[in-house]
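Engineer: Supplied structure: run-v8.tsv, TSV, C-alpha atoms.
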chain	number	residue	atom	x	y	z
A	248	MET	CA	-21.02	-24.08	-12.49
A	249	GLY	CA	-18.90	-25.87	-9.88
A	250	ALA	CA	-18.86	-24.99	-6.23
A	251	VAL	CA	-16.49	-22.21	-5.15
A	252	GLN	CA	-13.62	-23.71	-3.20
A	253	ASP	CA	-13.31	-22.63	0.43
A	254	HIS	CA	-9.68	-21.64	1.05
A	255	ARG	CA	-10.15	-20.45	4.63
A	256	HIS	CA	-8.29	-23.39	6.09
A	257	VAL	CA	-5.74	-24.02	3.34
A	258	LYS	CA	-2.34	-23.17	4.77
A	259	PRO	CA	-0.77	-20.26	2.84
A	260	GLU	CA	2.77	-20.25	1.50
A	261	LEU	CA	3.04	-16.45	1.63
A	262	ILE	CA	1.28	-13.89	3.85
A	263	ALA	CA	0.93	-10.29	2.67
A	264	SER	CA	-0.56	-7.55	4.80
A	265	ASP	CA	-1.42	-3.92	4.35
A	266	VAL	CA	-0.13	-1.75	7.20
A	267	ASP	CA	-2.35	1.22	8.06
A	268	GLY	CA	-5.83	0.27	9.18
A	269	THR	CA	-5.00	-3.42	8.88
A	270	LEU	CA	-1.82	-4.66	10.60
A	271	ILE	CA	-1.42	-1.76	13.01
A	272	ASP	CA	-4.03	-0.34	15.38
A	273	ASP	CA	-5.33	3.21	15.41
A	274	ASP	CA	-2.35	4.29	17.53
A	275	GLU	CA	0.00	2.85	14.87
A	276	ARG	CA	1.09	-0.02	17.10
A	277	ILE	CA	1.37	-3.74	16.45
A	278	SER	CA	-0.20	-5.77	19.24
A	279	ASN	CA	1.64	-8.52	21.07
A	280	ARG	CA	-0.90	-11.01	19.75
A	281	THR	CA	-0.31	-9.99	16.15
A	282	ARG	CA	3.48	-9.97	16.58
A	283	THR	CA	3.37	-13.46	18.11
A	284	ALA	CA	1.23	-14.84	15.26
A	285	VAL	CA	3.50	-13.34	12.61
A	286	HIS	CA	6.62	-14.75	14.26
A	287	ALA	CA	5.02	-18.18	14.51
A	288	ALA	CA	4.33	-18.18	10.77
A	289	ILE	CA	7.88	-17.06	10.01
A	290	ALA	CA	9.29	-19.76	12.29
A	291	ASP	CA	7.28	-22.28	10.26
A	292	GLY	CA	8.99	-21.10	7.09
A	293	VAL	CA	6.13	-19.03	5.69
A	294	PRO	CA	7.28	-15.57	4.54
A	295	PHE	CA	5.40	-12.55	5.87
A	296	VAL	CA	5.59	-9.43	3.70
A	297	LEU	CA	4.09	-5.96	3.75
A	298	ALA	CA	2.02	-4.48	0.93
A	299	THR	CA	1.46	-0.81	1.60
A	300	GLY	CA	0.99	2.62	0.16
A	301	ARG	CA	3.81	3.77	2.44
A	302	PRO	CA	7.19	4.62	0.95
A	303	PRO	CA	10.28	2.69	2.11
A	304	ARG	CA	11.25	5.48	4.53
A	305	TRP	CA	8.06	4.82	6.54
A	306	ILE	CA	8.68	1.09	6.95
A	307	GLY	CA	11.14	1.45	9.86
A	308	PRO	CA	8.47	1.86	12.59
A	309	VAL	CA	6.68	-1.25	11.29
A	310	VAL	CA	9.94	-3.22	11.44
A	311	ASP	CA	10.43	-2.03	15.01
A	312	GLY	CA	6.89	-3.02	15.95
A	313	LEU	CA	7.15	-6.44	14.35
A	314	GLY	CA	10.62	-7.20	15.60
A	315	TYR	CA	11.23	-8.49	12.09
A	316	ALA	CA	12.43	-6.85	8.87
A	317	PRO	CA	10.25	-8.09	6.00
A	318	LEU	CA	10.33	-7.65	2.28
A	319	ALA	CA	7.81	-4.97	1.37
A	320	VAL	CA	5.70	-3.87	-1.56
A	321	CYS	CA	5.70	-0.09	-1.13
A	322	ALA	CA	4.06	2.91	-2.83
A	323	ASN	CA	1.04	0.81	-3.87
A	324	GLY	CA	3.13	-1.66	-5.83
A	325	ALA	CA	5.65	0.65	-7.47
A	326	VAL	CA	8.55	-0.28	-5.17
A	327	ILE	CA	9.92	-3.59	-3.91
A	328	TYR	CA	11.97	-2.93	-0.79
A	329	ASP	CA	14.16	-5.19	1.32
A	330	SER	CA	13.88	-3.65	4.79
A	331	ASP	CA	16.52	-5.98	6.26
A	332	ALA	CA	19.18	-4.87	3.76
A	333	ASP	CA	17.67	-1.35	3.44
A	334	ARG	CA	17.73	-1.71	-0.32
A	335	VAL	CA	15.25	-0.80	-3.03
A	336	LEU	CA	15.11	-3.86	-5.27
A	337	ARG	CA	12.81	-2.48	-7.95
A	338	ALA	CA	10.97	0.75	-8.75
A	339	GLU	CA	8.44	1.51	-11.48
A	340	THR	CA	8.13	5.21	-12.13
A	341	LEU	CA	5.88	7.69	-13.85
A	342	SER	CA	7.76	9.57	-16.56
A	343	ILE	CA	8.05	13.35	-16.55
A	344	ASP	CA	5.72	13.53	-19.55
A	345	THR	CA	3.10	11.42	-17.83
A	346	LEU	CA	3.37	13.37	-14.58
A	347	THR	CA	2.87	16.63	-16.47
A	348	TRP	CA	-0.08	15.25	-18.44
A	349	VAL	CA	-1.86	13.95	-15.32
A	350	ALA	CA	-1.16	17.16	-13.40
A	351	ASP	CA	-2.69	19.26	-16.20
A	352	LEU	CA	-5.80	17.08	-16.25
A	353	ALA	CA	-6.14	17.20	-12.47
A	354	GLU	CA	-5.78	20.97	-12.30
A	355	SER	CA	-8.45	21.35	-14.98
A	356	ALA	CA	-10.92	18.81	-13.58
A	357	LEU	CA	-10.35	19.64	-9.92
A	358	PRO	CA	-9.49	23.35	-9.56
A	359	GLY	CA	-7.42	24.13	-6.51
A	360	VAL	CA	-5.66	20.78	-6.21
A	361	GLY	CA	-2.23	20.49	-4.65
A	362	LEU	CA	0.39	18.18	-6.11
A	363	ALA	CA	3.14	16.12	-4.54
A	364	ALA	CA	5.48	13.43	-5.79
A	365	GLU	CA	6.98	10.41	-4.08
A	366	ARG	CA	10.45	9.44	-5.30
A	367	VAL	CA	12.88	6.73	-4.23
A	368	GLY	CA	16.61	6.27	-4.27
A	369	ALA	CA	18.72	3.20	-3.60
A	370	SER	CA	17.73	2.99	0.07
A	371	ALA	CA	14.94	4.16	2.36
A	372	HIS	CA	16.62	7.43	3.30
A	373	ASP	CA	18.80	8.02	0.25
A	374	ALA	CA	20.17	11.52	0.86
A	375	ALA	CA	20.88	11.97	-2.83
A	376	THR	CA	17.16	11.96	-3.61
A	377	ALA	CA	14.54	14.41	-2.30
A	378	GLN	CA	12.02	11.68	-1.63
A	379	PHE	CA	8.83	13.67	-1.11
A	380	VAL	CA	8.31	17.00	-2.83
A	381	SER	CA	5.18	19.12	-2.86
A	382	SER	CA	3.92	22.29	-4.48
A	383	PRO	CA	3.47	25.46	-2.39
A	384	GLY	CA	0.36	25.28	-0.23
A	385	TYR	CA	0.00	21.50	-0.50
A	386	GLN	CA	-2.00	20.32	2.54
A	387	HIS	CA	-0.78	16.98	3.79
A	388	ALA	CA	-3.32	14.23	4.45
A	389	TRP	CA	-1.15	13.00	7.34
A	390	LEU	CA	1.94	14.09	9.23
A	391	ASN	CA	4.89	14.17	6.84
A	392	PRO	CA	8.11	15.54	8.29
A	393	ASP	CA	10.07	14.52	5.17
A	394	ASN	CA	8.47	17.05	2.85
A	395	THR	CA	10.50	19.37	0.62
A	396	GLU	CA	8.44	22.24	-0.79
A	397	VAL	CA	9.35	23.12	-4.36
A	398	SER	CA	7.69	24.91	-7.27
A	399	ALA	CA	4.80	23.19	-9.01
A	400	ASP	CA	7.04	22.66	-12.05
A	401	ASP	CA	9.75	21.07	-9.92
A	402	VAL	CA	7.28	18.54	-8.49
A	403	LEU	CA	6.99	17.17	-12.02
A	404	ALA	CA	10.62	17.58	-13.01
A	405	HIS	CA	11.83	14.05	-12.15
A	406	PRO	CA	10.31	10.58	-12.53
A	407	ALA	CA	8.29	9.52	-9.49
A	408	VAL	CA	6.89	6.28	-8.14
A	409	LYS	CA	3.70	8.08	-7.14
A	410	LEU	CA	1.95	11.39	-7.86
A	411	LEU	CA	-0.38	12.62	-5.14
A	412	ILE	CA	-3.34	14.81	-6.01
A	413	ARG	CA	-4.77	16.57	-2.95
A	414	LEU	CA	-8.01	18.48	-2.54
A	415	PRO	CA	-9.23	18.80	1.06
A	416	GLY	CA	-12.98	18.89	1.51
A	417	ILE	CA	-13.90	16.41	-1.21
A	418	ALA	CA	-14.01	12.63	-0.96
A	419	SER	CA	-11.20	10.79	-2.71
A	420	SER	CA	-13.81	8.56	-4.38
A	421	HIS	CA	-15.43	11.64	-5.97
A	422	MET	CA	-12.05	12.84	-7.20
A	423	ILE	CA	-11.47	9.47	-8.88
A	424	ASP	CA	-14.92	9.64	-10.46
A	425	ARG	CA	-13.85	12.87	-12.15
A	426	LEU	CA	-10.35	11.79	-13.11
A	427	ALA	CA	-10.78	8.17	-14.17
A	428	PRO	CA	-12.65	8.88	-17.45
A	429	LEU	CA	-9.93	11.39	-18.39
A	430	VAL	CA	-6.88	9.24	-17.77
A	431	GLY	CA	-8.25	5.90	-19.00
A	432	ASP	CA	-5.66	3.16	-18.72
A	433	LYS	CA	-2.64	5.45	-19.07
A	434	VAL	CA	-2.10	5.50	-15.29
A	435	ASP	CA	-3.51	3.71	-12.25
A	436	LEU	CA	-5.59	5.70	-9.77
A	437	THR	CA	-6.39	4.62	-6.23
A	438	TYR	CA	-6.76	5.92	-2.69
A	439	SER	CA	-5.85	4.77	0.81
A	440	THR	CA	-7.81	7.49	2.60
A	441	ASN	CA	-11.13	8.96	1.48
A	442	ASN	CA	-10.03	12.39	2.73
A	443	GLY	CA	-9.36	14.17	-0.56
A	444	LEU	CA	-6.25	12.33	-1.79
A	445	VAL	CA	-5.77	10.39	-5.03
A	446	GLU	CA	-2.61	8.36	-5.56
A	447	VAL	CA	-1.38	7.92	-9.13
A	448	SER	CA	0.93	5.11	-10.26
A	449	ALA	CA	2.31	3.95	-13.60
A	450	PRO	CA	-0.20	1.95	-15.68
A	451	GLY	CA	-0.75	-1.54	-14.35
A	452	VAL	CA	1.06	-0.80	-11.09
A	453	THR	CA	-0.98	-1.90	-8.08
A	454	LYS	CA	-0.33	-3.77	-4.88
A	455	ALA	CA	-1.28	-6.90	-6.83
A	456	SER	CA	1.36	-6.34	-9.50
A	457	GLY	CA	4.02	-5.59	-6.89
A	458	LEU	CA	3.04	-8.60	-4.82
A	459	ALA	CA	3.18	-10.82	-7.91
A	460	VAL	CA	6.76	-9.66	-8.55
A	461	LEU	CA	7.72	-10.28	-4.94
A	462	ALA	CA	6.04	-13.71	-4.91
A	463	GLU	CA	7.88	-14.70	-8.09
A	464	HIS	CA	11.13	-13.56	-6.45
A	465	LEU	CA	10.34	-15.98	-3.60
A	466	GLY	CA	9.26	-18.78	-5.94
A	467	ILE	CA	5.64	-18.71	-4.76
A	468	THR	CA	2.53	-18.60	-6.96
A	469	ASP	CA	-0.40	-16.19	-6.56
A	470	SER	CA	-2.58	-19.20	-5.70
A	471	ALA	CA	-0.67	-19.71	-2.44
A	472	ILE	CA	-1.02	-16.14	-1.07
A	473	LEU	CA	-3.06	-15.01	1.92
A	474	ALA	CA	-3.60	-11.24	1.80
A	475	PHE	CA	-5.04	-8.72	4.26
A	476	GLY	CA	-6.31	-5.19	3.54
A	477	ASP	CA	-8.80	-2.45	4.30
A	478	MET	CA	-8.97	0.17	1.53
A	479	PRO	CA	-9.58	0.46	-2.23
A	480	ASN	CA	-5.83	0.35	-2.91
A	481	ASP	CA	-5.93	-3.17	-1.41
A	482	VAL	CA	-8.67	-4.43	-3.75
A	483	PRO	CA	-6.36	-5.70	-6.55
A	484	MET	CA	-4.27	-7.62	-4.01
A	485	LEU	CA	-7.30	-9.09	-2.22
A	486	THR	CA	-8.64	-10.24	-5.58
A	487	MET	CA	-5.42	-11.80	-6.88
A	488	ALA	CA	-4.58	-13.72	-3.71
A	489	ARG	CA	-5.88	-17.23	-3.17
A	490	HIS	CA	-7.60	-15.93	-0.07
A	491	GLY	CA	-8.22	-12.23	0.49
A	492	VAL	CA	-9.22	-11.05	3.95
A	493	ALA	CA	-10.64	-7.65	4.82
A	494	VAL	CA	-10.65	-6.31	8.37
A	495	ALA	CA	-14.02	-5.36	9.86
A	496	ASN	CA	-13.20	-1.65	9.69
A	497	ALA	CA	-12.49	-1.86	5.95
A	498	HIS	CA	-13.94	0.26	3.17
A	499	ASP	CA	-16.96	-1.30	1.46
A	500	ALA	CA	-14.90	-1.89	-1.70
A	501	ALA	CA	-12.34	-3.96	0.19
A	502	ILE	CA	-15.04	-5.96	1.96
A	503	ALA	CA	-16.75	-6.67	-1.36
A	504	ALA	CA	-13.47	-7.86	-2.90
A	505	ALA	CA	-12.47	-10.07	0.03
A	506	ASP	CA	-13.20	-13.76	0.45
A	507	GLU	CA	-13.61	-13.28	4.18
A	508	VAL	CA	-13.96	-10.54	6.78
A	509	THR	CA	-12.05	-10.77	10.06
A	510	ALA	CA	-12.09	-8.62	13.19
A	511	SER	CA	-10.97	-5.00	13.03
A	512	ASN	CA	-7.40	-3.71	13.11
A	513	THR	CA	-7.93	-2.75	16.76
A	514	ASP	CA	-9.15	-6.25	17.63
A	515	ASP	CA	-6.26	-8.36	16.22
A	516	GLY	CA	-8.00	-9.15	12.95
A	517	VAL	CA	-4.83	-10.33	11.21
A	518	ALA	CA	-3.74	-12.46	14.17
A	519	ARG	CA	-7.13	-14.16	14.42
A	520	ILE	CA	-6.73	-15.53	10.89
A	521	LEU	CA	-3.07	-16.53	11.29
A	522	GLU	CA	-3.91	-18.41	14.49
A	523	ARG	CA	-5.77	-20.99	12.42
A	524	TRP	CA	-2.36	-22.46	11.65
A	525	TRP	CA	-0.03	-20.83	14.15
A	526	ASN	CA	-1.49	-20.67	17.62
Would you mind giving the structure from this file in structure tokens?
Structural biologist:
Amino acid sequence: MGAVQDHRHVKPELIASDVDGTLIDDDERISNRTRTAVHAAIADGVPFVLATGRPPRWIGPVVDGLGYAPLAVCANGAVIYDSDADRVLRAETLSIDTLTWVADLAESALPGVGLAAERVGASAHDAATAQFVSSPGYQHAWLNPDNTEVSADDVLAHPAVKLLIRLPGIASSHMIDRLAPLVGDKVDLTYSTNNGLVEVSAPGVTKASGLAVLAEHLGITDSAILAFGDMPNDVPMLTMARHGVAVANAHDAAIAAADEVTASNTDDGVARILERWWN
């Protein structure tokens, strides 16, 4: 077996970063050091993109913090969003039948779960589309002022880019352990917080698949990507990139998947890597 090539100092042609827990600090801010490093890369002609579980409507604060409007892989790979043009370029949805099937399995395997669905329109705040709907009593894992409460049936009544299964008081990893054998490869399951929330996407849809589409759009191969992440939903992206970097505060699964570990999100972990080329 040949030696594993060290890509730590090979200049990337595309940089992709997760947002929460990776690019931004615990107060949801982007540091001056990180902003400066990102702008230096962009000035050198290297695209910087986001790859996040966030929907397009939650990208605005990141744009403000960066002082730059990037292309973004949103909803764990289901949506490609151009934040500069405020336009959804691509969306891969779960069908009504699949949503209903997964919801039935979840309610059987995890009694007491709440359900919510993430939908997208043509833009980040498309008024024609109720973009986040939840069943009565759904307990949000984070502040969500955009919620529209509907009946449980109505949550499943339209195609969605993501179904959220919520059960406070149980680890997300344990929820996946129960659900994964039941759903097989008919959907993708992941989580971006271990606080009782499983995120369901169409089969094969991950941050890696979304990033591959975006990279192809830019004419860049997977073997030229530098990716940053911190949670299990980042694992496919960290694995597919030429060089995957986990921040020090990352989940064990992300650290195991990464080629390298940098400093934490509160200690400019992303900037410290970018400064190898842009200092």
Engineer: Tell me which of A:Ala427, A:His372, A:Trp524, A:Arg489 sits closest to A:Ala290, counting all atoms listed in the file.
Structural biologist: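 Smallest distance to A:Ala290 is found for A:Trp524.
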Engineer: Could you tell me which of A:Val326, A:Ser456, A:Val296, A:His490 comes closest to A:Ala471 if we count all atoms listed in the file?
Structural biologist: A:His490
Engineer: Taking (0.6, -18.9, 2.3) in the file's coordinates, which residues come within 6 Å, counting all atoms listed in the file, written as a list in words?
Structural biologist: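 Those residues, ordered by chain and then number, are Lys258, Pro259, Glu260, Leu261, Ile262, Ala471, Ile472 and Leu473 of chain A.
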Engineer: Would you mind exporting C-alpha atoms of the selected residues as an mmCIF file, keeping the file's coordinate frame?
Structural biologist:
data_model
loop_
_atom_site.group_PDB
_atom_site.id
_atom_site.type_symbol
_atom_site.label_atom_id
_atom_site.label_comp_id
_atom_site.auth_asym_id
_atom_site.auth_seq_id
_atom_site.Cartn_x
_atom_site.Cartn_y
_atom_site.Cartn_z
ATOM 1 C CA LYS A 258 -2.340 -23.170 4.770
ATOM 2 C CA PRO A 259 -0.770 -20.260 2.840
ATOM 3 C CA GLU A 260 2.770 -20.250 1.500
ATOM 4 C CA LEU A 261 3.040 -16.450 1.630
ATOM 5 C CA ILE A 262 1.280 -13.890 3.850
ATOM 6 C CA ALA A 471 -0.670 -19.710 -2.440
ATOM 7 C CA ILE A 472 -1.020 -16.140 -1.070
ATOM 8 C CA LEU A 473 -3.060 -15.010 1.920
#
Engineer: Using all atoms listed in the file, pick whichever of A:Ser370, A:Thr376, A:Gln386, A:Thr299 has the shortest atom-to-atom distance to A:Ala332.
Structural biologist: A:Ser370
Engineer: For atom CA of A:Pro406 and atom CA of A:Lys433, quote the distance in Å rounded to one decimal.
Structural biologist: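 Here the two named atoms are 15.4 Å from each other.
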Engineer: Would you mind reading off the distance between atom CA of A:Ala350 and atom CA of A:Arg425, one decimal, in Å?
Structural biologist: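 These two atoms are separated by 13.5 Å.
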Engineer: Which residue out of A:Met487, A:Ala298, A:Val434, A:Ala288 has the minimum interatomic distance to A:Val349 when only C-alpha atoms are used?
Structural biologist: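 Ranked by minimum distance to A:Val349, first place goes to A:Val434.
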Engineer: From (10.2, 11.3, -17.6), in the file's coordinates, out to 8 Å: which residues are reached, counting all atoms listed in the file? Answer as a VMD selection string.
Structural biologist: chain A and resid 341 to 346 404 to 406
Engineer: For A:Glu365, which of A:Ala319, A:Ile412, A:Val482, A:Ile277 is the closest residue, counting all atoms listed in the file?
Structural biologist: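 Using all atoms listed in the file, A:Glu365 sits closest to A:Ile412.
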Engineer: List as a list in words the protein and nucleic acid residues near A:Val460, meaning an atom at most 9 Å away when only C-alpha atoms are counted, but skip any in the same chain fewer than 5 places from it.
Structural biologist: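 Selected residues are Ile327, Ala455 and Leu465 of chain A.
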Engineer: Could you tell me how far atom CA of A:Asp506 sits from atom CA of A:Thr486, in Å to one decimal place?
Structural biologist: 8.3 Å
Engineer: Considering all atoms listed in the file, state which residue in the set A:Arg304, A:Val360, A:Glu522, A:Val408 is at the smallest distance from A:Asp393.
Structural biologist: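 Nearest to A:Asp393: A:Arg304.
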Engineer: Please, what is the axis-aligned box for every listed atom of stretch 514-521 of chain A with 8 Å on each side, as centre and edge lengths in Å to one decimal, as AutoDock Vina command-line options?
Structural biologist:
--center_x -6.1 --center_y -11.4 --center_z 14.3 --size_x 22.1 --size_y 26.3 --size_z 22.7
